[in-house]
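Notes for the one structure printed next.
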Protein chains: 2
Amino acid sequence: MAKRADVAKAAGVSESTVSYALTGARPISKETKERILKAISDLDYKPNAMAQALRSGNSKMIAMLFGDQERGISDGDIEYVMAAANEARGLGYHLILWPVRRRAIEDVVKQVESGLLDGVILMEVALEDERVKLLKKHKAPFALIGRTNDEIDTVFADRDFEAATELAINHLNNLGHKNLVFLSTSSANVLGNIGATVRSERAATDAAAAFGASVQVIHADNTIEAGINAAAEFFKKYRTCTAIVSLNAEALIGFSRGLQKVGLRVPEDVSLVCISTTTAGAQAFDPPLTTVTPPAAEIGAAAARELIRFLQGQEDIEPQKLFTGALVVRESTAQATSRKALR
Amino acid sequence: MAKRADVAKAAGVSESTVSYALTGARPISKETKERILKAISDLDYKPNAMAQALRSGNSKMIAMLFGDQERGISDGDIEYVMAAANEARGLGYHLILWPVRRRAIEDVVKQVESGLLDGVILMEVALEDERVKLLKKHKAPFALIGRTNDEIDTVFADRDFEAATELAINHLNNLGHKNLVFLSTSSANVLGNIGATVRSERAATDAAAAFGASVQVIHADNTIEAGINAAAEFFKKYRTCTAIVSLNAEALIGFSRGLQKVGLRVPEDVSLVCISTTTAGAQAFDPPLTTVTPPAAEIGAAAARELIRFLQGQEDIEPQKLFTGALVVRESTAQATSRKALR
DNA sequence: GTGAAAGCGCTAACAA
DNA sequence: TTGTTAGCGCTTTCAC
């Protein structure tokens with residue numbers, strides 16, 4: 001590989017002049033610049049990324065952290081990741097995928113200190129998250145997808161759960177549903193309280209109250225099995241409810257199957273809205289699912305962008321961004337009717 | 001950050017001795033070593049990754065390439081990626097996610113030449129793939145997930161489509177199905193012929209012939225819409241067929257919906273097997289789908305592992321590996337019956 | 001068993 | 001407008 005010195009010699013200038021011609025950090029005469037550019041293309045010169053990184057102290061690498069054990073990676077995650085990777089590339093950075101158990105966050109701090117990583121993006125953030133505390137303590141730059149309870153001084157991109165939940169409940173309210181069930185994640189979660197669960201649950205209660213409706217909460221793990229059981233619980237305890245808002249997609253698949261078992265039809269007897277599934281998942285649902293789909297790509301991109309801006313010391317960063325996502329009405333919601341009358 | 005020189009001073013040895021103590025590349029007396037290790041831990045010393053990369057010429061980074069336009073990223077992809085990332089981490093390497101259009105493969109070659117990347121992993125490989133040719137030409141180390149027609153000298157991990165398809169067809173044969181339809185990807189694909197399509201289609205024909213069964217091929221894009229149309233085509237042209245083997249998951253969802261429209265039930269009237277869907281997708285299907293699920297994690301891990309071994313110049317690499325995946329019988333397949341008799 | 005020193009390729013402070 | 005040079009932190013050859 002040709003290097004700076006080769007280019008300099010070929011162009012008849014000094015090494016530093018080549019550098020300056022490349023960065024534009026100081027004025028270079030037109031002719032000199034042209035000679036340099038010609039030499040570069042003649043020699044097919046490519047700057048050495050590692051030398052630049054060593055010299056500048058910036059690797060231009062950021063890592064996206066994934067718990068590889070506690071919870072499986074879900075379908076929707078790829079959207080966050082790809083969007084972040086894309087955004088990073090566009091800004092001249094590289095996104096490394098880092099599978100790391102929660103306990104092993106020290107490894108990552110170490111890589112930041114060793115100069116391999118300029119910063120990290122964290123997902124699945126708990127309201128009280130040890131990892132965030134450790135990163136702060138070690139002054140490792142980071143951005144969150146999600147947020148902790150303590151939002152001060154933190155760069156994050158998250159969902160506006162209040163707004164998303166309200167969109168769903170407003171839609172149901174317009175269809176005349178007054179007795180709702182919110183299908184939430186099991187709170188006895190290994191991860192501690194993930195913001196999504198806590199915030200959306202609270203938002204559901206608030207939004208319903210605002211519309212003069214009632215909400216019952218059912219907790220279930222995000223599995224088909226748990227969803228089926230949740231439907232049984234629903235049938236036993238909350239028969240008068242006519243609509244479900246679900247935080248989770250897998251559980252809702254089970255729930256729908258459970259409803260079928262007890263002879264309830266969607267949407268004739270029960271309306272279903274999901275606030276966290278991919279568009280593909282919604283379309284594959286039977287019947288196609290009314291959703292407020294998380295704008296995963298926007299969130300992933302924002303996290304990467306704001307982290308990188310922060311790393312570059314830019315002034316105009318918007319460190320804390322919330323995204324709602326749009327209501328898409330498909331076939332799982334319908335006008336509320338009296339179930340008794342129908343059967 | 002403490003550096004080598006600081007450690008050396010604290011331990012009262014030379015810088016090189018610290019290096020050798022760390023690598024074990026030459027004998028160090030026990031006492032010296034202990035002093036060095038103590039100094040390292042006292043100073044909380046972390047070797048600088050970029051300096052090591054510059055000096056050694058290896059960045060320990062590999063990139064996984066993703067087309068960001070032509071085809072959406074599908075649910076299953078995350079499994080390949082995570083497995084590769086995990087494997088790479090375990091071997092001391094880092095996996096960068098690289099969204100890149102097919103035409104922009106030069107960018108990647110450039111990054112290899114600039115020392116940023118030690119090698120790359122390619123997905124969605126076409127039988128005649130320009131990218132592979134370019135990488136070979138520039139001597140950029142790579143591994144494929146999938147394979148080209150020309151398998152010589154290439155490191156790849158791929159599916160054994162012949163074996164997978166045979167598992168599916170054998171299962172149907174055991175259930176008495178003799179007239180089959182193979183639901184394949186549309187051959188008029190922008191990407192050129194992806195190996196999966198060509199190989200599995202051919203394998204289906206061969207396997208059926210071996211069992212004395214017949215196979216009709218229907219081509220459809222991997223979308224719900226296309227699947228619905230495919231079901232209409234099926235109903236019109238291939239009514240006597242009693243079982244479907246599908247290459248794609250999304251299309252099969254549509255197909256199943258299309259069957260419902262014309263009054264055909266799964267599995268009573270038609271049996272369904274899919275050879276490429278995730279376990280989650282299979283379980284979410286209604287009825288739960290009999291599958292030969294691709295061992296995505298094994299394939300992703302193998303690609304990363306063999307690439308890294310190749311980079312390390314190891315002798316015992318297994319450059320070409322095929323994985324079948326296991327047949328999992330769920331509820332979408334049943335004994336063949338005469339449909340006429342049932343209706 | 002240990003040390004000195006050159007140099008990987010680049011950048012930026014200093015000098016002209 | 002351009003050149004000289006020190007040095008980022010590490011590895012490894014050569015020397016003792």
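Residues in the structure tokens are named by chain (A, B, ... in the order shown) and by number from 1 within that chain; ligands are numbered from 1 in the order shown.
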
Where does DSSP see strand (DSSP E) in region 105-217 of chain A, if you list the residues as an MDAnalysis selection string? chainID A and resid 119:122 142:145 155:159 179:185 214:217

Expected file contents, prior selection, C-alpha atoms, as a PDB file, in the first residue's frame:
```
ATOM      1  CA  GLY A 119     -18.756   5.585  22.616  1.00  0.00           C
ATOM      2  CA  VAL A 120     -21.572   3.110  23.081  1.00  0.00           C
ATOM      3  CA  ILE A 121     -25.284   2.776  22.530  1.00  0.00           C
ATOM      4  CA  LEU A 122     -27.287   0.896  25.123  1.00  0.00           C
ATOM      5  CA  PHE A 142     -22.958   6.774  25.636  1.00  0.00           C
ATOM      6  CA  ALA A 143     -26.446   7.159  24.283  1.00  0.00           C
ATOM      7  CA  LEU A 144     -29.475   5.205  25.347  1.00  0.00           C
ATOM      8  CA  ILE A 145     -32.285   3.702  23.378  1.00  0.00           C
ATOM      9  CA  VAL A 155     -28.210  11.383  25.678  1.00  0.00           C
ATOM     10  CA  PHE A 156     -31.136   9.223  24.736  1.00  0.00           C
ATOM     11  CA  ALA A 157     -33.716   8.466  22.093  1.00  0.00           C
ATOM     12  CA  ASP A 158     -36.842   6.814  23.331  1.00  0.00           C
ATOM     13  CA  ARG A 159     -40.421   6.282  22.614  1.00  0.00           C
ATOM     14  CA  ASN A 179     -63.825  -0.950  29.246  1.00  0.00           C
ATOM     15  CA  LEU A 180     -60.267  -1.735  28.328  1.00  0.00           C
ATOM     16  CA  VAL A 181     -57.554  -4.174  29.236  1.00  0.00           C
ATOM     17  CA  PHE A 182     -53.890  -3.285  29.018  1.00  0.00           C
ATOM     18  CA  LEU A 183     -51.787  -6.352  28.335  1.00  0.00           C
ATOM     19  CA  SER A 184     -48.415  -5.547  29.838  1.00  0.00           C
ATOM     20  CA  THR A 185     -45.133  -7.313  30.350  1.00  0.00           C
ATOM     21  CA  SER A 214     -61.519   2.091  32.683  1.00  0.00           C
ATOM     22  CA  VAL A 215     -58.386  -0.004  32.299  1.00  0.00           C
ATOM     23  CA  GLN A 216     -57.561  -3.339  33.821  1.00  0.00           C
ATOM     24  CA  VAL A 217     -53.959  -4.487  33.620  1.00  0.00           C
TER      25      VAL A 217
END
```

Least-squares Cα fit of chain B to chain A, output as a short mmCIF file (atom, residue, chain, number, x, y, z; two decimals) with C-alpha atoms, in the first residue's frame:
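Generated output (superposed35.cif):
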```cif
data_model
loop_
_atom_site.label_atom_id
_atom_site.label_comp_id
_atom_site.auth_asym_id
_atom_site.auth_seq_id
_atom_site.Cartn_x
_atom_site.Cartn_y
_atom_site.Cartn_z
CA MET B 1 0.02 0.03 -0.01
CA ALA B 2 1.14 3.48 -0.89
CA LYS B 3 1.47 5.79 2.07
CA ARG B 4 1.73 9.49 2.74
CA ALA B 5 5.46 9.55 2.10
CA ASP B 6 5.03 7.97 -1.33
CA VAL B 7 2.43 10.50 -2.30
CA ALA B 8 4.61 13.32 -1.05
CA LYS B 9 7.57 12.13 -3.06
CA ALA B 10 5.52 11.61 -6.21
CA ALA B 11 4.04 15.07 -5.91
CA GLY B 12 7.34 16.64 -4.98
CA VAL B 13 6.07 18.08 -1.73
CA SER B 14 6.45 17.29 1.95
CA GLU B 15 4.33 14.84 3.85
CA SER B 16 2.64 17.51 5.85
CA THR B 17 1.56 19.32 2.73
CA VAL B 18 -0.22 16.19 1.63
CA SER B 19 -2.02 16.07 4.95
CA TYR B 20 -3.09 19.68 4.70
CA ALA B 21 -4.22 19.25 1.15
CA LEU B 22 -6.43 16.42 2.31
CA THR B 23 -7.91 18.11 5.34
CA GLY B 24 -8.00 21.62 3.96
CA ALA B 25 -6.73 22.82 7.32
CA ARG B 26 -4.46 25.36 5.68
CA PRO B 27 -4.34 27.04 2.30
CA ILE B 28 -2.58 25.18 -0.48
CA SER B 29 -1.87 26.61 -3.89
CA LYS B 30 -4.00 25.30 -6.66
CA GLU B 31 -1.14 23.75 -8.61
CA THR B 32 0.30 21.96 -5.59
CA LYS B 33 -3.06 20.59 -4.68
CA GLU B 34 -3.59 19.29 -8.17
CA ARG B 35 -0.25 17.56 -8.22
CA ILE B 36 -1.03 15.95 -4.91
CA LEU B 37 -4.43 14.75 -5.99
CA LYS B 38 -2.93 13.32 -9.14
CA ALA B 39 -0.27 11.48 -7.15
CA ILE B 40 -2.95 10.11 -4.86
CA SER B 41 -4.98 8.76 -7.69
CA ASP B 42 -1.94 7.48 -9.57
CA LEU B 43 -0.74 5.58 -6.58
CA ASP B 44 -4.23 4.57 -5.53
CA TYR B 45 -3.41 5.88 -2.11
CA LYS B 46 -5.71 5.18 0.84
CA PRO B 47 -5.06 6.77 4.22
CA ASN B 48 -4.41 4.23 6.93
CA ALA B 49 -7.35 4.24 9.28
CA MET B 50 -5.48 2.83 12.27
CA ALA B 51 -2.69 5.37 12.03
CA GLN B 52 -5.24 8.14 11.89
CA ALA B 53 -7.02 6.68 14.88
CA LEU B 54 -3.83 6.37 16.88
CA ARG B 55 -2.73 9.85 16.10
CA SER B 56 -6.05 11.56 16.57
CA GLY B 57 -7.24 9.54 19.52
CA ASN B 58 -10.58 8.78 17.87
CA SER B 59 -11.35 5.40 16.46
CA LYS B 60 -14.63 6.50 14.88
CA MET B 61 -16.13 3.33 16.22
CA ILE B 62 -19.22 3.11 18.34
CA ALA B 63 -20.67 -0.07 19.72
CA MET B 64 -24.26 -1.10 20.09
CA LEU B 65 -24.69 -3.31 23.11
CA PHE B 66 -26.86 -6.37 23.15
CA GLY B 67 -27.70 -8.57 26.07
CA ASP B 68 -27.06 -12.01 24.66
CA GLN B 69 -28.74 -14.06 27.30
CA GLU B 70 -31.45 -12.56 29.40
CA ARG B 71 -33.86 -11.97 26.60
CA GLY B 72 -33.80 -13.20 23.07
CA ILE B 73 -33.18 -10.71 20.35
CA SER B 74 -36.54 -9.87 18.89
CA ASP B 75 -37.61 -9.30 15.32
CA GLY B 76 -37.95 -5.59 15.73
CA ASP B 77 -34.42 -5.11 16.99
CA ILE B 78 -32.83 -5.37 13.60
CA GLU B 79 -34.51 -2.14 12.62
CA TYR B 80 -32.90 -0.19 15.41
CA VAL B 81 -29.55 -1.69 14.63
CA MET B 82 -29.62 -1.17 10.91
CA ALA B 83 -30.81 2.39 11.24
CA ALA B 84 -28.07 3.18 13.73
CA ALA B 85 -25.46 1.52 11.51
CA ASN B 86 -26.66 3.46 8.52
CA GLU B 87 -26.65 6.75 10.33
CA ALA B 88 -23.19 6.11 11.73
CA ARG B 89 -21.83 5.27 8.30
CA GLY B 90 -23.26 8.43 6.90
CA LEU B 91 -21.41 10.41 9.54
CA GLY B 92 -18.12 8.62 8.95
CA TYR B 93 -18.43 6.30 11.91
CA HIS B 94 -18.66 2.53 12.21
CA LEU B 95 -21.10 0.56 14.29
CA ILE B 96 -19.87 -2.51 16.07
CA LEU B 97 -22.38 -5.02 17.32
CA TRP B 98 -21.42 -5.95 20.84
CA PRO B 99 -23.06 -8.94 22.45
CA VAL B 100 -22.48 -8.48 26.15
CA ARG B 101 -24.19 -9.65 29.27
CA ARG B 102 -25.33 -6.95 31.62
CA ARG B 103 -22.77 -7.93 34.17
CA ALA B 104 -19.98 -7.75 31.63
CA ILE B 105 -20.42 -4.08 30.95
CA GLU B 106 -16.93 -3.54 32.37
CA ASP B 107 -15.54 -5.14 29.23
CA VAL B 108 -17.09 -2.38 27.23
CA VAL B 109 -15.81 0.36 29.48
CA LYS B 110 -12.40 -1.17 29.03
CA GLN B 111 -12.67 -1.00 25.29
CA VAL B 112 -13.61 2.64 25.49
CA GLU B 113 -10.60 3.29 27.68
CA SER B 114 -8.36 1.32 25.38
CA GLY B 115 -9.34 3.59 22.54
CA LEU B 116 -11.17 0.97 20.53
CA LEU B 117 -14.55 2.57 21.04
CA ASP B 118 -15.40 6.23 21.00
CA GLY B 119 -18.79 5.59 22.56
CA VAL B 120 -21.61 3.12 23.02
CA ILE B 121 -25.33 2.78 22.48
CA LEU B 122 -27.33 0.92 25.07
CA MET B 123 -30.65 -0.82 24.49
CA GLU B 124 -33.19 -2.33 26.87
CA VAL B 125 -32.53 0.29 29.45
CA ALA B 126 -34.00 -0.27 32.90
CA LEU B 127 -35.32 2.61 34.98
CA GLU B 128 -32.51 2.02 37.42
CA ASP B 129 -29.73 0.74 35.26
CA GLU B 130 -26.38 -0.19 36.75
CA ARG B 131 -24.77 -0.08 33.36
CA VAL B 132 -25.65 3.55 32.91
CA LYS B 133 -24.20 4.39 36.28
CA LEU B 134 -20.99 2.58 35.46
CA LEU B 135 -20.63 4.28 32.11
CA LYS B 136 -21.17 7.66 33.72
CA LYS B 137 -18.67 6.90 36.43
CA HIS B 138 -16.02 6.01 33.88
CA LYS B 139 -16.94 8.92 31.68
CA ALA B 140 -17.56 6.64 28.76
CA PRO B 141 -19.69 8.49 26.21
CA PHE B 142 -23.00 6.77 25.59
CA ALA B 143 -26.48 7.18 24.23
CA LEU B 144 -29.52 5.21 25.29
CA ILE B 145 -32.33 3.72 23.33
CA GLY B 146 -34.79 4.06 26.13
CA ARG B 147 -34.08 6.03 29.30
CA THR B 148 -33.56 5.73 33.00
CA ASN B 149 -35.55 7.46 35.69
CA ASP B 150 -32.78 9.97 36.04
CA GLU B 151 -32.73 11.72 32.72
CA ILE B 152 -30.24 14.40 33.61
CA ASP B 153 -27.20 14.79 31.39
CA THR B 154 -28.02 11.74 29.37
CA VAL B 155 -28.24 11.39 25.62
CA PHE B 156 -31.17 9.23 24.68
CA ALA B 157 -33.75 8.49 22.04
CA ASP B 158 -36.86 6.81 23.27
CA ARG B 159 -40.44 6.27 22.56
CA ASP B 160 -43.09 8.67 23.76
CA PHE B 161 -45.12 5.99 25.47
CA GLU B 162 -47.63 8.44 26.77
CA ALA B 163 -48.44 9.70 23.31
CA ALA B 164 -48.40 6.25 21.72
CA THR B 165 -50.67 4.74 24.32
CA GLU B 166 -52.98 7.70 24.09
CA LEU B 167 -53.25 7.25 20.31
CA ALA B 168 -54.32 3.67 20.82
CA ILE B 169 -56.80 4.41 23.54
CA ASN B 170 -58.21 7.38 21.74
CA HIS B 171 -58.85 5.17 18.72
CA LEU B 172 -60.69 2.64 20.86
CA ASN B 173 -62.61 5.38 22.61
CA ASN B 174 -63.76 6.69 19.26
CA LEU B 175 -65.06 3.22 18.51
CA GLY B 176 -67.06 3.30 21.74
CA HIS B 177 -64.87 1.05 23.89
CA LYS B 178 -65.09 2.10 27.52
CA ASN B 179 -63.84 -0.98 29.33
CA LEU B 180 -60.28 -1.77 28.38
CA VAL B 181 -57.58 -4.20 29.28
CA PHE B 182 -53.92 -3.30 29.05
CA LEU B 183 -51.81 -6.36 28.35
CA SER B 184 -48.43 -5.54 29.84
CA THR B 185 -45.15 -7.31 30.36
CA SER B 186 -44.71 -9.37 33.44
CA SER B 187 -43.33 -7.03 36.08
CA ALA B 188 -41.29 -9.77 37.71
CA ASN B 189 -38.71 -9.29 35.03
CA VAL B 190 -35.09 -10.29 35.50
CA LEU B 191 -34.04 -7.09 33.91
CA GLY B 192 -35.63 -4.88 36.47
CA ASN B 193 -38.21 -2.43 35.34
CA ILE B 194 -37.76 -1.61 31.74
CA GLY B 195 -39.06 1.85 31.02
CA ALA B 196 -41.43 0.65 28.34
CA THR B 197 -43.44 -1.42 30.76
CA VAL B 198 -43.73 1.11 33.52
CA ARG B 199 -44.35 4.12 31.36
CA SER B 200 -46.87 2.60 29.00
CA GLU B 201 -48.81 1.00 31.82
CA ARG B 202 -49.06 4.29 33.63
CA ALA B 203 -49.90 6.08 30.41
CA ALA B 204 -52.73 3.65 29.71
CA THR B 205 -54.32 4.33 33.05
CA ASP B 206 -53.98 8.07 32.60
CA ALA B 207 -55.28 8.14 29.05
CA ALA B 208 -58.26 5.98 29.88
CA ALA B 209 -59.11 8.19 32.82
CA ALA B 210 -58.97 11.20 30.56
CA PHE B 211 -61.55 9.58 28.30
CA GLY B 212 -63.71 8.40 31.16
CA ALA B 213 -62.86 4.77 30.45
CA SER B 214 -61.53 2.07 32.75
CA VAL B 215 -58.40 -0.01 32.34
CA GLN B 216 -57.55 -3.35 33.87
CA VAL B 217 -53.95 -4.49 33.64
CA ILE B 218 -52.95 -8.07 32.89
CA HIS B 219 -49.28 -8.99 33.17
CA ALA B 220 -47.81 -11.64 30.94
CA ASP B 221 -44.41 -12.54 29.62
CA ASN B 222 -43.99 -11.83 25.97
CA THR B 223 -44.55 -15.38 24.79
CA ILE B 224 -47.40 -17.10 23.00
CA GLU B 225 -47.91 -19.42 25.93
CA ALA B 226 -48.22 -16.56 28.41
CA GLY B 227 -50.60 -14.80 26.04
CA ILE B 228 -52.90 -17.81 25.95
CA ASN B 229 -53.01 -17.85 29.73
CA ALA B 230 -53.67 -14.14 29.78
CA ALA B 231 -56.71 -14.69 27.58
CA ALA B 232 -58.01 -17.24 30.05
CA GLU B 233 -57.54 -14.72 32.84
CA PHE B 234 -59.28 -12.12 30.72
CA PHE B 235 -62.24 -14.39 30.13
CA LYS B 236 -62.52 -15.23 33.78
CA LYS B 237 -62.07 -11.82 35.31
CA TYR B 238 -62.74 -9.13 32.75
CA ARG B 239 -65.53 -10.36 30.52
CA THR B 240 -67.13 -6.99 30.31
CA CYS B 241 -64.07 -5.49 28.67
CA THR B 242 -64.30 -5.13 24.93
CA ALA B 243 -60.84 -4.03 23.88
CA ILE B 244 -57.22 -4.88 24.54
CA VAL B 245 -54.19 -2.67 24.20
CA SER B 246 -51.07 -4.80 24.19
CA LEU B 247 -47.54 -3.73 24.87
CA ASN B 248 -46.15 -6.89 23.30
CA ALA B 249 -46.58 -8.67 20.04
CA GLU B 250 -45.83 -12.29 20.89
CA ALA B 251 -48.09 -12.28 23.90
CA LEU B 252 -50.85 -10.85 21.78
CA ILE B 253 -50.58 -13.70 19.31
CA GLY B 254 -51.16 -16.08 22.19
CA PHE B 255 -53.92 -13.90 23.56
CA SER B 256 -55.73 -13.98 20.26
CA ARG B 257 -55.40 -17.74 20.14
CA GLY B 258 -56.76 -17.92 23.67
CA LEU B 259 -59.74 -15.79 22.71
CA GLN B 260 -60.49 -18.15 19.88
CA LYS B 261 -60.49 -21.07 22.30
CA VAL B 262 -63.21 -19.49 24.41
CA GLY B 263 -65.20 -18.56 21.36
CA LEU B 264 -64.50 -14.85 21.21
CA ARG B 265 -63.88 -13.30 17.82
CA VAL B 266 -61.60 -10.45 16.78
CA PRO B 267 -62.75 -7.76 16.14
CA GLU B 268 -66.44 -8.61 16.48
CA ASP B 269 -66.26 -9.45 20.18
CA VAL B 270 -62.94 -8.00 21.18
CA SER B 271 -60.83 -5.28 19.58
CA LEU B 272 -57.05 -5.55 19.65
CA VAL B 273 -54.39 -2.86 19.37
CA CYS B 274 -50.68 -3.43 19.74
CA ILE B 275 -48.25 -0.64 20.51
CA SER B 276 -45.06 -2.52 19.81
CA THR B 277 -44.83 -4.72 16.82
CA THR B 278 -43.25 -4.39 13.44
CA THR B 279 -45.32 -3.61 10.40
CA ALA B 280 -44.54 -7.06 9.07
CA GLY B 281 -45.74 -8.63 12.29
CA ALA B 282 -48.94 -6.61 12.18
CA GLN B 283 -49.67 -7.67 8.63
CA ALA B 284 -48.97 -11.30 9.39
CA PHE B 285 -51.44 -11.24 12.26
CA ASP B 286 -54.84 -12.71 11.65
CA PRO B 287 -56.73 -10.45 11.34
CA PRO B 288 -54.20 -7.77 10.40
CA LEU B 289 -53.45 -5.86 13.53
CA THR B 290 -54.24 -2.26 14.30
CA THR B 291 -51.06 -0.82 15.73
CA VAL B 292 -49.11 2.16 16.89
CA THR B 293 -45.84 0.87 15.50
CA PRO B 294 -42.64 2.04 17.17
CA PRO B 295 -40.59 4.20 14.81
CA ALA B 296 -37.60 1.98 15.36
CA ALA B 297 -35.56 3.35 12.49
CA GLU B 298 -35.99 6.92 13.65
CA ILE B 299 -35.06 6.04 17.19
CA GLY B 300 -32.01 4.01 16.22
CA ALA B 301 -30.80 6.72 13.87
CA ALA B 302 -31.35 9.45 16.44
CA ALA B 303 -29.40 7.59 19.09
CA ALA B 304 -26.44 7.13 16.76
CA ARG B 305 -26.60 10.67 15.45
CA GLU B 306 -26.78 12.39 18.80
CA LEU B 307 -24.04 10.22 20.24
CA ILE B 308 -21.76 11.08 17.36
CA ARG B 309 -22.57 14.74 17.58
CA PHE B 310 -21.78 14.61 21.23
CA LEU B 311 -18.47 12.91 20.47
CA GLN B 312 -17.67 15.63 18.01
CA GLY B 313 -18.39 18.24 20.61
CA GLN B 314 -21.10 19.81 18.56
CA GLU B 315 -23.14 22.48 20.21
CA ASP B 316 -26.49 21.91 18.63
CA ILE B 317 -27.15 18.40 19.80
CA GLU B 318 -30.64 17.43 20.79
CA PRO B 319 -29.71 15.01 23.51
CA GLN B 320 -33.16 13.82 24.41
CA LYS B 321 -35.61 12.87 21.74
CA LEU B 322 -38.95 11.13 21.92
CA PHE B 323 -40.80 9.48 19.05
CA THR B 324 -44.40 8.39 19.04
CA GLY B 325 -45.14 6.38 15.93
CA ALA B 326 -48.36 6.55 13.98
CA LEU B 327 -51.64 4.76 14.50
CA VAL B 328 -52.33 2.38 11.64
CA VAL B 329 -55.86 1.05 11.64
CA ARG B 330 -56.11 -2.45 10.23
CA GLU B 331 -58.72 -5.10 10.87
CA SER B 332 -58.39 -6.00 14.53
CA THR B 333 -60.45 -3.11 15.81
CA ALA B 334 -64.16 -2.43 15.31
CA GLN B 335 -67.05 -0.59 16.84
CA ALA B 336 -67.84 -1.68 20.37
CA THR B 337 -71.00 -3.72 20.61
CA SER B 338 -72.65 -5.52 23.42
CA ARG B 339 -71.23 -9.00 23.29
CA LYS B 340 -74.27 -10.43 25.01
CA ALA B 341 -76.50 -9.14 22.28
CA LEU B 342 -74.42 -10.83 19.64
CA ARG B 343 -74.38 -14.23 21.15
#
```

Please, which residues in chain D fall within 9 Å of chain B when counting only C-alpha atoms (C1' of nucleotides), and what is the closest atom pair and distance in Å to one decimal for each, ordered by chain then residue number, as CSV?
```
residue,atom,partner,partner_atom,distance
D:DC8,C1',B:Ala51,CA,8.0
D:DG9,C1',B:Ala51,CA,5.1
D:DC10,C1',B:Ala51,CA,5.3
D:DT11,C1',B:Arg55,CA,6.5
D:DT12,C1',B:Ser16,CA,8.5
```

Just the selected residues (C-alpha atoms (C1' of nucleotides)), exported as an mmCIF file, in the first residue's frame, please.
```
data_model
loop_
_atom_site.group_PDB
_atom_site.id
_atom_site.type_symbol
_atom_site.label_atom_id
_atom_site.label_comp_id
_atom_site.auth_asym_id
_atom_site.auth_seq_id
_atom_site.Cartn_x
_atom_site.Cartn_y
_atom_site.Cartn_z
ATOM 1 C "C1'" DC D 8 0.646 9.088 19.259
ATOM 2 C "C1'" DG D 9 1.570 3.717 21.938
ATOM 3 C "C1'" DC D 10 3.038 -0.286 20.689
ATOM 4 C "C1'" DT D 11 6.149 -4.417 18.865
ATOM 5 C "C1'" DT D 12 10.214 -6.542 17.582
#
```

As a ChimeraX atom specification, please: every residue in region 47-114 of chain B that DSSP puts in alpha helix (DSSP H). /B:49-56,77-90,105-113

Could you work out how far C1' of DG9 (chain C) lies from C1' of DT2 (chain D), giving the answer in Å with one decimal?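 Interatomic distance, C1' of DT2 (chain D) to C1' of DG9 (chain C): 20.7 Å.
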
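Set the cut-off at 12 Å, count only C-alpha atoms (C1' of nucleotides), and the residues of chain C near chain A turn out to be DC8, DG9, DC10, DT11, DA12 and DA13 of chain C.
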
Counting only C-alpha atoms (C1' of nucleotides), what is within 12 Å of DA16 (chain C), bar same-chain residues fewer than 5 positions away, as a list in words? DT1, DT2, DG3 and DT4 of chain D

Selection from above, C-alpha atoms (C1' of nucleotides), as a tab-separated table (two decimals), in the first residue's frame, can you write it?
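Contents of out20.tsv, freshly written:
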```tsv
chain	number	residue	atom	x	y	z
D	1	DT	C1'	1.94	29.03	0.86
D	2	DT	C1'	4.99	25.22	2.24
D	3	DG	C1'	8.47	22.32	5.01
D	4	DT	C1'	10.57	20.04	9.28
```
